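K.L.:
Sending over a structure as structure tokens; questions will come in a sec.
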Amino acid sequence: MVEQTDEQILASVVVAGQTVAEHLERAIASGAVIRHADGQLELAQFTSQPGKPADLDQFLRPTSPRPFLPCAFLNRFMFDHVYGKAAVPFGCQACYKVKVISRTMRQMIAVRSLAESLPYATKSGPEVDNPENPHPYGTYLYLNGLEQARAVYRTLRQMIDEHAQLGTEVRMLIKRGCTNYERKCGPSDQYTFDPALEAVEAVLARRFHKPIEPFDGKTRNAIRMLQIIRIAYRIGDETYKDFTDGKPPVLSGVTYTPDP
């Protein structure tokens, strides 16, 4: 059998009625994906030029080494553009998450401490600005397969139940992949994966320019913490005061009684 070139692979795999190469060219023409002179591909939203580093999200992440998460490549690049939101990436098929839902910033920071004591990739942050998410705060642990997710769920469930600031009322769940996949491709327990996508993702992973985040991990978390405090203040969650010595992030104006 004659081995296919990279370009032949991209031109031979069809997703939602178009080849991967056609999806990619359309994304480049729209400006969403940038193709550099050396053939490297970069998401315009994450363009890391001097003076313009990739945007920070609002999630706190461990600063100690953890498993690498290729979410920018698989979700934001492959799913959104190369697959036209019509196929879940092959590389995501074993991705399961344990999610802990927090009602306050105080709870979220306590959960974060427990989650980061385990050896998995995690993120913790506010979700009130996500129109597709009903939870104020969330902590996610990224796991490899449903069996591992269930084992980690049981471990973390016990830790949360026994924690003085948390307890049995804190909700937890196990989910597969990312929510935007299910909104476009249906229930995650019914996903199917075309084996041909594995070769496509291998080709484009070599060409994908990873986002470059500004600062080091500790500084990024400090900036994110300030963002989270402002969000908690905005939504009336006064547990932010645990982390500000009781002071609001902005000065309150003078108010007056209705009576003389």
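The way I read the labels, and the way they are meant: chains A, B, ... in the order of the structure tokens, residue 1 as the first residue of every chain, and ligand 1 as the first ligand shown, with later ones counted on from there.
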Pick out each residue of stretch 86-142 of chain A that DSSP on the backbone tags as strand (DSSP E); I need them as a PyMOL selection string.
P.N.:
chain A and resi 95-102+121-126+137-142
K.L.:
So that I can see what lies close to A:Thr179, please list as number ranges by chain the residues with an atom at most 10 Å from it, counting only C-alpha atoms and leaving out residues fewer than 6 positions away in the same chain.
P.N.:
A: 132-133, 185-188
K.L.:
Save out the residues we just selected, C-alpha atoms, as a tab-separated table (two decimals), in the first residue's frame.
P.N.:
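Dumped to again.tsv:
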```
chain	number	residue	atom	x	y	z
A	132	GLU	CA	-24.34	27.56	28.52
A	133	ASN	CA	-23.49	26.75	32.14
A	185	CYS	CA	-22.87	16.12	18.24
A	186	GLY	CA	-25.43	14.71	20.66
A	187	PRO	CA	-25.16	12.68	23.89
A	188	SER	CA	-21.62	11.68	24.76
```
K.L.:
Write out as a PyMOL selection string the residues lying within 12 Å of stretch 140-146 of chain A, counting only C-alpha atoms and excluding same-chain residues fewer than 2 positions away.
P.N.:
chain A and resi 59-62+66-71+91-102+108+111-112+114-127+137-138+148-153+156+172-178+188-189
K.L.:
Could you tell me, as number ranges by chain, which residues of stretch 52-108 of chain A DSSP assigns to alpha helix (DSSP H) when given the backbone?
P.N.:
A: 71, 105-108
K.L.:
Those residues you just picked out, can you put them in a file as a compact mmCIF listing (two decimals), in the first residue's frame with N, CA and C atoms?
P.N.:
```txt
# COMPACT_ATOMS: atom_id res chain seq x y z
N CYS A 71 -6.17 21.01 24.75
CA CYS A 71 -7.54 21.45 24.48
C CYS A 71 -7.61 22.53 23.41
N MET A 105 -17.28 31.43 46.25
CA MET A 105 -15.84 31.45 46.01
C MET A 105 -15.11 30.71 47.13
N ARG A 106 -15.59 30.87 48.35
CA ARG A 106 -14.97 30.16 49.49
C ARG A 106 -14.96 28.66 49.25
N GLN A 107 -16.10 28.12 48.83
CA GLN A 107 -16.17 26.69 48.54
C GLN A 107 -15.22 26.31 47.41
N MET A 108 -15.20 27.12 46.35
CA MET A 108 -14.37 26.78 45.19
C MET A 108 -12.90 26.70 45.57
```
K.L.:
Given the choices A:His81, A:Arg154, A:Lys241, A:Leu197, which gets closest to A:Ala29 if the distance is worked out from only C-alpha atoms?
P.N.:
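Among the listed residues, the smallest separation from A:Ala29 belongs to A:His81.
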K.L.:
Tell me which of A:Glu3, A:Glu42, A:Asp194, A:Asp57 sits closest to A:Arg224, counting only C-alpha atoms.
P.N.:
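Among the listed residues, the smallest separation from A:Arg224 belongs to A:Asp57.
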K.L.:
Which value, in Å to one decimal, gives the distance between atom CA of A:Pro131 and atom CA of A:Tyr240?
P.N.:
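Going from atom CA of A:Pro131 over to atom CA of A:Tyr240, I get 22.4 Å.
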K.L.:
My list of candidates is A:Tyr83, A:Asp259, A:Gln58, A:Ala110. Which is closest to A:Met225 when distances are computed with only C-alpha atoms?
P.N.:
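Once distances to A:Met225 are computed over only C-alpha atoms, the minimum belongs to A:Gln58.
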K.L.:
Here is a test: counting only C-alpha atoms, which residue of A:Gly217, A:Ala222, A:Thr104, A:Gln18 is nearest to A:Asp242?
P.N.:
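Counting only C-alpha atoms, the residue closest to A:Asp242 is A:Thr104.
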K.L.:
Which polymer residues have any atom within 12 Å of an atom of A:His36, counting only C-alpha atoms, with same-chain residues fewer than 6 positions away left out, as a list in words?
P.N.:
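Final neighbour list, sorted by chain and number: Ile28, Glu42, Leu43, Ala44, Thr47, Arg207, Phe208 and His209 of chain A.
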K.L.:
Let's have the selection written as a PDB file, in the first residue's frame, with C-alpha atoms.
P.N.:
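Now in selection_25.pdb:
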```pdb
ATOM      1  CA  ILE A  28      -8.126  30.359   6.896  1.00  0.00           C
ATOM      2  CA  GLU A  42      -2.394  29.361  14.521  1.00  0.00           C
ATOM      3  CA  LEU A  43      -5.758  30.376  15.917  1.00  0.00           C
ATOM      4  CA  ALA A  44      -6.295  34.100  15.420  1.00  0.00           C
ATOM      5  CA  THR A  47      -2.162  34.869  18.179  1.00  0.00           C
ATOM      6  CA  ARG A 207       1.680  22.218  12.214  1.00  0.00           C
ATOM      7  CA  PHE A 208      -0.278  23.751  15.089  1.00  0.00           C
ATOM      8  CA  HIS A 209       1.292  26.702  16.849  1.00  0.00           C
TER       9      HIS A 209
END
```
K.L.:
Which residue out of A:Ile34, A:Ile109, A:Arg103, A:Ile228 has the minimum interatomic distance to A:Val170 when only C-alpha atoms are used?
P.N.:
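Looking at the shortest contact to A:Val170, the residue is A:Arg103.
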K.L.:
Could you work out how far atom CA of A:Ile223 lies from atom CA of A:Phe73, giving the answer in Å with one decimal?
P.N.:
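About the pair atom CA of A:Phe73 and atom CA of A:Ile223: they are 24.2 Å apart.
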K.L.:
Using only C-alpha atoms for the distances, tell me which of A:Arg171, A:Glu147, A:Tyr233, A:Ala32 is nearest to A:His135.
P.N.:
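Closest residue, counting only C-alpha atoms: A:Arg171.
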